[in-house]
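Reproduced below: final.pdb, with PDB, C-alpha atoms.
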```
MODEL        1
ATOM      1  CA  MET A   1      10.760 -73.726   0.712
ATOM      2  CA  SER A   2      10.756 -71.108  -1.991
ATOM      3  CA  ALA A   3      13.562 -70.131  -4.314
ATOM      4  CA  MET A   4      15.381 -66.849  -3.788
ATOM      5  CA  PHE A   5      17.876 -65.137  -6.080
ATOM      6  CA  ARG A   6      21.079 -63.887  -4.455
ATOM      7  CA  HIS A   7      23.684 -61.428  -5.653
ATOM      8  CA  VAL A   8      27.111 -61.539  -3.991
ATOM      9  CA  ALA A   9      29.788 -58.938  -4.697
ATOM     10  CA  MET A  10      33.251 -58.478  -3.227
ATOM     11  CA  PHE A  11      35.614 -55.546  -3.559
ATOM     12  CA  ARG A  12      39.125 -54.405  -2.931
ATOM     13  CA  TRP A  13      39.545 -50.702  -2.300
ATOM     14  CA  THR A  14      42.096 -48.742  -4.261
ATOM     15  CA  ALA A  15      45.318 -48.032  -2.378
ATOM     16  CA  ASP A  16      44.578 -44.309  -2.338
ATOM     17  CA  ALA A  17      40.894 -44.502  -1.314
ATOM     18  CA  THR A  18      40.412 -42.199   1.665
ATOM     19  CA  GLU A  19      38.427 -43.225   4.745
ATOM     20  CA  GLN A  20      35.989 -40.456   3.857
ATOM     21  CA  ALA A  21      35.472 -41.829   0.332
ATOM     22  CA  LYS A  22      34.963 -45.376   1.669
ATOM     23  CA  ALA A  23      32.484 -44.086   4.246
ATOM     24  CA  ALA A  24      30.583 -42.320   1.452
ATOM     25  CA  ALA A  25      30.428 -45.605  -0.484
ATOM     26  CA  VAL A  26      29.061 -47.435   2.564
ATOM     27  CA  ALA A  27      26.501 -44.681   3.254
ATOM     28  CA  GLY A  28      25.399 -44.827  -0.371
ATOM     29  CA  LEU A  29      24.900 -48.584  -0.219
ATOM     30  CA  ALA A  30      22.941 -48.240   3.019
ATOM     31  CA  GLY A  31      20.484 -45.962   1.242
ATOM     32  CA  LEU A  32      19.678 -48.328  -1.626
ATOM     33  CA  PRO A  33      17.065 -50.593   0.041
ATOM     34  CA  ALA A  34      14.831 -47.570   0.699
ATOM     35  CA  GLU A  35      15.013 -46.637  -2.986
ATOM     36  CA  ILE A  36      14.843 -50.058  -4.651
ATOM     37  CA  GLY A  37      11.779 -52.006  -3.605
ATOM     38  CA  ALA A  38      12.958 -55.234  -5.253
ATOM     39  CA  ILE A  39      15.598 -55.699  -2.539
ATOM     40  CA  ARG A  40      14.472 -58.245   0.072
ATOM     41  CA  GLU A  41      17.661 -58.353   2.162
ATOM     42  CA  TYR A  42      20.777 -56.229   1.822
ATOM     43  CA  ARG A  43      23.715 -57.013   4.104
ATOM     44  CA  PHE A  44      27.200 -55.679   3.617
ATOM     45  CA  GLY A  45      30.290 -54.852   5.572
ATOM     46  CA  PRO A  46      34.034 -54.430   5.734
ATOM     47  CA  ASP A  47      36.198 -57.493   6.166
ATOM     48  CA  ALA A  48      36.759 -58.483   9.792
ATOM     49  CA  GLY A  49      40.493 -58.914   9.269
ATOM     50  CA  LEU A  50      40.856 -62.607  10.117
ATOM     51  CA  ALA A  51      42.869 -63.529   7.013
ATOM     52  CA  GLU A  52      45.513 -61.532   5.169
ATOM     53  CA  THR A  53      44.382 -62.794   1.768
ATOM     54  CA  ASN A  54      40.797 -61.612   2.289
ATOM     55  CA  TRP A  55      39.221 -58.960   0.121
ATOM     56  CA  ASP A  56      38.100 -55.650   1.721
ATOM     57  CA  PHE A  57      34.303 -55.533   1.522
ATOM     58  CA  ALA A  58      31.331 -57.762   0.647
ATOM     59  CA  ILE A  59      27.671 -57.252  -0.245
ATOM     60  CA  VAL A  60      24.976 -59.944  -0.193
ATOM     61  CA  ALA A  61      21.640 -58.914  -1.720
ATOM     62  CA  ASP A  62      18.566 -61.152  -1.900
ATOM     63  CA  PHE A  63      15.671 -60.871  -4.349
ATOM     64  CA  ASP A  64      12.527 -62.840  -5.110
ATOM     65  CA  ASP A  65      13.867 -63.791  -8.515
ATOM     66  CA  GLU A  66      16.308 -62.907 -11.277
ATOM     67  CA  ALA A  67      14.013 -60.108 -12.467
ATOM     68  CA  GLY A  68      14.278 -58.492  -9.023
ATOM     69  CA  TYR A  69      18.055 -58.592  -9.226
ATOM     70  CA  LEU A  70      18.032 -57.061 -12.715
ATOM     71  CA  THR A  71      15.793 -54.257 -11.440
ATOM     72  CA  TYR A  72      18.394 -53.544  -8.746
ATOM     73  CA  ARG A  73      21.353 -53.875 -11.119
ATOM     74  CA  ASP A  74      19.914 -51.415 -13.598
ATOM     75  CA  HIS A  75      18.205 -49.047 -11.136
ATOM     76  CA  GLU A  76      19.170 -45.404 -11.598
ATOM     77  CA  SER A  77      20.095 -44.955  -7.918
ATOM     78  CA  HIS A  78      22.400 -47.991  -8.064
ATOM     79  CA  GLN A  79      23.975 -46.975 -11.354
ATOM     80  CA  ARG A  80      24.556 -43.417 -10.116
ATOM     81  CA  LEU A  81      26.190 -44.689  -6.900
ATOM     82  CA  LEU A  82      28.411 -47.046  -8.909
ATOM     83  CA  ALA A  83      29.546 -44.366 -11.329
ATOM     84  CA  ASN A  84      30.047 -41.497  -8.882
ATOM     85  CA  VAL A  85      30.981 -43.073  -5.552
ATOM     86  CA  LEU A  86      31.858 -46.785  -5.777
ATOM     87  CA  ARG A  87      33.929 -47.276  -8.929
ATOM     88  CA  PRO A  88      36.405 -44.507  -8.026
ATOM     89  CA  VAL A  89      37.398 -46.354  -4.822
ATOM     90  CA  ILE A  90      37.310 -49.964  -6.132
ATOM     91  CA  SER A  91      40.381 -51.637  -7.603
ATOM     92  CA  GLU A  92      38.935 -55.166  -7.967
ATOM     93  CA  ARG A  93      35.416 -56.580  -8.036
ATOM     94  CA  ALA A  94      34.210 -60.190  -7.995
ATOM     95  CA  ALA A  95      30.550 -61.168  -8.304
ATOM     96  CA  VAL A  96      28.310 -64.241  -8.424
ATOM     97  CA  GLN A  97      24.517 -64.560  -8.636
ATOM     98  CA  TYR A  98      22.820 -67.795  -7.627
ATOM     99  CA  THR A  99      19.456 -69.296  -6.804
ATOM    100  CA  PHE A 100      18.860 -70.986  -3.430
ATOM    101  CA  ASP A 101      15.947 -72.458  -1.503
ATOM    102  CA  ALA A 102      14.990 -70.315   1.480
TER     103      ALA A 102
ATOM    104  CA  MET B   1      18.207 -56.728  15.961
ATOM    105  CA  SER B   2      21.091 -58.969  16.853
ATOM    106  CA  ALA B   3      24.496 -59.148  15.260
ATOM    107  CA  MET B   4      25.375 -62.095  13.042
ATOM    108  CA  PHE B   5      28.759 -63.041  11.625
ATOM    109  CA  ARG B   6      28.863 -63.859   7.914
ATOM    110  CA  HIS B   7      31.469 -65.651   5.832
ATOM    111  CA  VAL B   8      31.394 -65.113   2.068
ATOM    112  CA  ALA B   9      33.604 -67.102  -0.302
ATOM    113  CA  MET B  10      33.810 -67.083  -4.090
ATOM    114  CA  PHE B  11      35.623 -69.480  -6.387
ATOM    115  CA  ARG B  12      36.724 -70.001  -9.919
ATOM    116  CA  TRP B  13      37.004 -73.635 -10.985
ATOM    117  CA  THR B  14      40.168 -74.855 -12.633
ATOM    118  CA  ALA B  15      39.962 -75.182 -16.419
ATOM    119  CA  ASP B  16      40.297 -78.964 -16.198
ATOM    120  CA  ALA B  17      37.821 -79.574 -13.329
ATOM    121  CA  THR B  18      35.356 -82.246 -14.479
ATOM    122  CA  GLU B  19      31.606 -81.955 -13.939
ATOM    123  CA  GLN B  20      31.893 -85.006 -11.694
ATOM    124  CA  ALA B  21      34.574 -83.358  -9.545
ATOM    125  CA  LYS B  22      32.540 -80.141  -9.271
ATOM    126  CA  ALA B  23      29.430 -82.133  -8.324
ATOM    127  CA  ALA B  24      31.454 -83.887  -5.605
ATOM    128  CA  ALA B  25      32.523 -80.486  -4.251
ATOM    129  CA  VAL B  26      28.910 -79.288  -4.146
ATOM    130  CA  ALA B  27      27.732 -82.504  -2.479
ATOM    131  CA  GLY B  28      30.484 -82.177   0.103
ATOM    132  CA  LEU B  29      29.464 -78.608   0.911
ATOM    133  CA  ALA B  30      25.820 -79.652   1.202
ATOM    134  CA  GLY B  31      26.805 -82.132   3.922
ATOM    135  CA  LEU B  32      28.585 -79.634   6.160
ATOM    136  CA  PRO B  33      25.617 -78.089   8.021
ATOM    137  CA  ALA B  34      24.651 -81.529   9.374
ATOM    138  CA  GLU B  35      28.177 -81.980  10.711
ATOM    139  CA  ILE B  36      28.976 -78.476  11.990
ATOM    140  CA  GLY B  37      26.422 -77.253  14.490
ATOM    141  CA  ALA B  38      27.785 -73.695  14.528
ATOM    142  CA  ILE B  39      26.376 -73.068  11.029
ATOM    143  CA  ARG B  40      23.112 -71.079  11.188
ATOM    144  CA  GLU B  41      22.553 -70.654   7.435
ATOM    145  CA  TYR B  42      24.537 -72.108   4.564
ATOM    146  CA  ARG B  43      23.574 -71.083   1.039
ATOM    147  CA  PHE B  44      25.697 -71.692  -2.007
ATOM    148  CA  GLY B  45      25.385 -72.168  -5.722
ATOM    149  CA  PRO B  46      26.878 -71.919  -9.178
ATOM    150  CA  ASP B  47      26.827 -68.582 -10.940
ATOM    151  CA  ALA B  48      23.655 -67.927 -12.929
ATOM    152  CA  GLY B  49      25.606 -66.770 -15.978
ATOM    153  CA  LEU B  50      24.323 -63.202 -16.245
ATOM    154  CA  ALA B  51      27.764 -61.592 -16.588
ATOM    155  CA  GLU B  52      30.864 -62.850 -18.353
ATOM    156  CA  THR B  53      33.198 -61.430 -15.709
ATOM    157  CA  ASN B  54      31.458 -63.279 -12.877
ATOM    158  CA  TRP B  55      33.209 -65.919 -10.817
ATOM    159  CA  ASP B  56      31.921 -69.528 -10.896
ATOM    160  CA  PHE B  57      30.539 -70.307  -7.445
ATOM    161  CA  ALA B  58      29.683 -68.584  -4.157
ATOM    162  CA  ILE B  59      29.047 -69.630  -0.562
ATOM    163  CA  VAL B  60      27.397 -67.497   2.121
ATOM    164  CA  ALA B  61      27.569 -68.934   5.649
ATOM    165  CA  ASP B  62      26.041 -67.280   8.723
ATOM    166  CA  PHE B  63      27.077 -67.796  12.348
ATOM    167  CA  ASP B  64      26.082 -66.348  15.710
ATOM    168  CA  ASP B  65      29.512 -64.803  16.105
ATOM    169  CA  GLU B  66      33.151 -64.911  15.039
ATOM    170  CA  ALA B  67      33.765 -67.924  17.283
ATOM    171  CA  GLY B  68      31.105 -69.845  15.356
ATOM    172  CA  TYR B  69      32.833 -69.047  12.091
ATOM    173  CA  LEU B  70      36.204 -70.140  13.474
ATOM    174  CA  THR B  71      34.653 -73.437  14.588
ATOM    175  CA  TYR B  72      33.460 -73.964  11.002
ATOM    176  CA  ARG B  73      36.736 -72.825   9.433
ATOM    177  CA  ASP B  74      38.806 -75.198  11.539
ATOM    178  CA  HIS B  75      36.322 -78.110  11.720
ATOM    179  CA  GLU B  76      37.807 -81.434  10.646
ATOM    180  CA  SER B  77      34.985 -82.133   8.152
ATOM    181  CA  HIS B  78      35.519 -78.742   6.504
ATOM    182  CA  GLN B  79      39.294 -79.062   6.442
ATOM    183  CA  ARG B  80      39.070 -82.575   4.970
ATOM    184  CA  LEU B  81      36.650 -81.411   2.259
ATOM    185  CA  LEU B  82      38.934 -78.484   1.426
ATOM    186  CA  ALA B  83      42.045 -80.606   1.155
ATOM    187  CA  ASN B  84      40.586 -83.597  -0.695
ATOM    188  CA  VAL B  85      37.719 -82.266  -2.796
ATOM    189  CA  LEU B  86      37.617 -78.466  -3.069
ATOM    190  CA  ARG B  87      41.204 -77.254  -3.480
ATOM    191  CA  PRO B  88      41.918 -79.606  -6.397
ATOM    192  CA  VAL B  89      39.138 -77.982  -8.481
ATOM    193  CA  ILE B  90      39.629 -74.331  -7.409
ATOM    194  CA  SER B  91      41.906 -71.962  -9.316
ATOM    195  CA  GLU B  92      41.001 -68.752  -7.458
ATOM    196  CA  ARG B  93      39.341 -67.991  -4.137
ATOM    197  CA  ALA B  94      38.151 -64.687  -2.655
ATOM    198  CA  ALA B  95      36.730 -64.360   0.859
ATOM    199  CA  VAL B  96      35.347 -61.752   3.251
ATOM    200  CA  GLN B  97      33.910 -62.093   6.751
ATOM    201  CA  TYR B  98      31.723 -59.366   8.202
ATOM    202  CA  THR B  99      29.311 -58.618  11.000
ATOM    203  CA  PHE B 100      25.760 -57.470  10.252
ATOM    204  CA  ASP B 101      22.565 -56.755  12.174
ATOM    205  CA  ALA B 102      19.870 -59.360  11.491
TER     206      ALA B 102
ENDMDL
END
```
What would the structure in this file look like if it were written as structure tokens?
Amino acid sequence: MSAMFRHVAMFRWTADATEQAKAAAVAGLAGLPAEIGAIREYRFGPDAGLAETNWDFAIVADFDDEAGYLTYRDHESHQRLLANVLRPVISERAAVQYTFDA
Amino acid sequence: MSAMFRHVAMFRWTADATEQAKAAAVAGLAGLPAEIGAIREYRFGPDAGLAETNWDFAIVADFDDEAGYLTYRDHESHQRLLANVLRPVISERAAVQYTFDA
């Protein structure tokens, strides 16, 4: 077993986010692993719709350690996506980072 | 690649949850994979404290498919833990389920 560092984020879209804007957000996320070498696993997706109280979208990102996560968090490609594409369509965000044994 | 079904849950503890009660919740969660065969991966932990706006605790659970998740969601051991140990110490919960290619 070795420790991994995981970032989990959940979003709710704004009421007026268009399907096109949400698709652009998803496409932008899909491009991050190719640009940010610190990412070990990057899995995200829209909620499956099993519970009315669920949020709209989740991301789970795994890194070797906290430093890897911080590299991702502060990476220019990530920050640019957040500012230009993600934040405009997000009404609520919840996040947790935690260490686990893989 | 094969599709997996992921459940992500995030919590905030109640202001008056004791360390003992939170430890009991964590111990209860740690026992679930041995009791619920549908669980493929089960990783959880307390927030690392990197951001003040973060929530307190996250769980990421992977299943072969939606049916596996529903087995977990409705399993007696899970329901008993929720009712007796988890809900009393949780003030907020956010969840998303999504499919991803593993």
(request) I need the residue set behind the ChimeraX specification (/A :<10) & /B for this file; please write it as an MDAnalysis selection string. (result) chainID B and resid 5:11 41:51 53:60 66 70 93:102
(request) Tell me, in Å to one decimal, how far CA of Ile36 in chain A is from CA of Ser91 in chain A. (result) 25.8 Å
(request) Tell me which residues the PyMOL selection byres ((chain A and resi 89) around 10) grabs here, as a list in words. (result) Phe11, Arg12, Trp13, Thr14, Ala15, Asp16, Ala17, Thr18, Ala21, Lys22, Ala25, Leu82, Asn84, Val85, Leu86, Arg87, Pro88, Ile90, Ser91 and Glu92 of chain A
Dump of C-alpha atoms for the selected residues, as an mmCIF file, keeping the file's coordinate frame:
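Saved file again.cif follows:
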```
data_model
loop_
_atom_site.group_PDB
_atom_site.id
_atom_site.type_symbol
_atom_site.label_atom_id
_atom_site.label_comp_id
_atom_site.auth_asym_id
_atom_site.auth_seq_id
_atom_site.Cartn_x
_atom_site.Cartn_y
_atom_site.Cartn_z
ATOM 1 C CA PHE A 11 35.614 -55.546 -3.559
ATOM 2 C CA ARG A 12 39.125 -54.405 -2.931
ATOM 3 C CA TRP A 13 39.545 -50.702 -2.300
ATOM 4 C CA THR A 14 42.096 -48.742 -4.261
ATOM 5 C CA ALA A 15 45.318 -48.032 -2.378
ATOM 6 C CA ASP A 16 44.578 -44.309 -2.338
ATOM 7 C CA ALA A 17 40.894 -44.502 -1.314
ATOM 8 C CA THR A 18 40.412 -42.199 1.665
ATOM 9 C CA ALA A 21 35.472 -41.829 0.332
ATOM 10 C CA LYS A 22 34.963 -45.376 1.669
ATOM 11 C CA ALA A 25 30.428 -45.605 -0.484
ATOM 12 C CA LEU A 82 28.411 -47.046 -8.909
ATOM 13 C CA ASN A 84 30.047 -41.497 -8.882
ATOM 14 C CA VAL A 85 30.981 -43.073 -5.552
ATOM 15 C CA LEU A 86 31.858 -46.785 -5.777
ATOM 16 C CA ARG A 87 33.929 -47.276 -8.929
ATOM 17 C CA PRO A 88 36.405 -44.507 -8.026
ATOM 18 C CA ILE A 90 37.310 -49.964 -6.132
ATOM 19 C CA SER A 91 40.381 -51.637 -7.603
ATOM 20 C CA GLU A 92 38.935 -55.166 -7.967
#
```
(message) Using the chain letters and numbers from this file, what does the PyMOL selection byres ((chain B and resi 77) around 12) select? Give the answer as a ChimeraX atom specification.
(response) /B:28-37,71-76,78-85
(request) Could you check how far CA of Asp64 in chain B sits from CA of Met4 in chain B, in Å to one decimal? (result) 5.1 Å
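Note that the spacing between CA of Glu52 in chain A and CA of Glu19 in chain A amounts to 19.6 Å.
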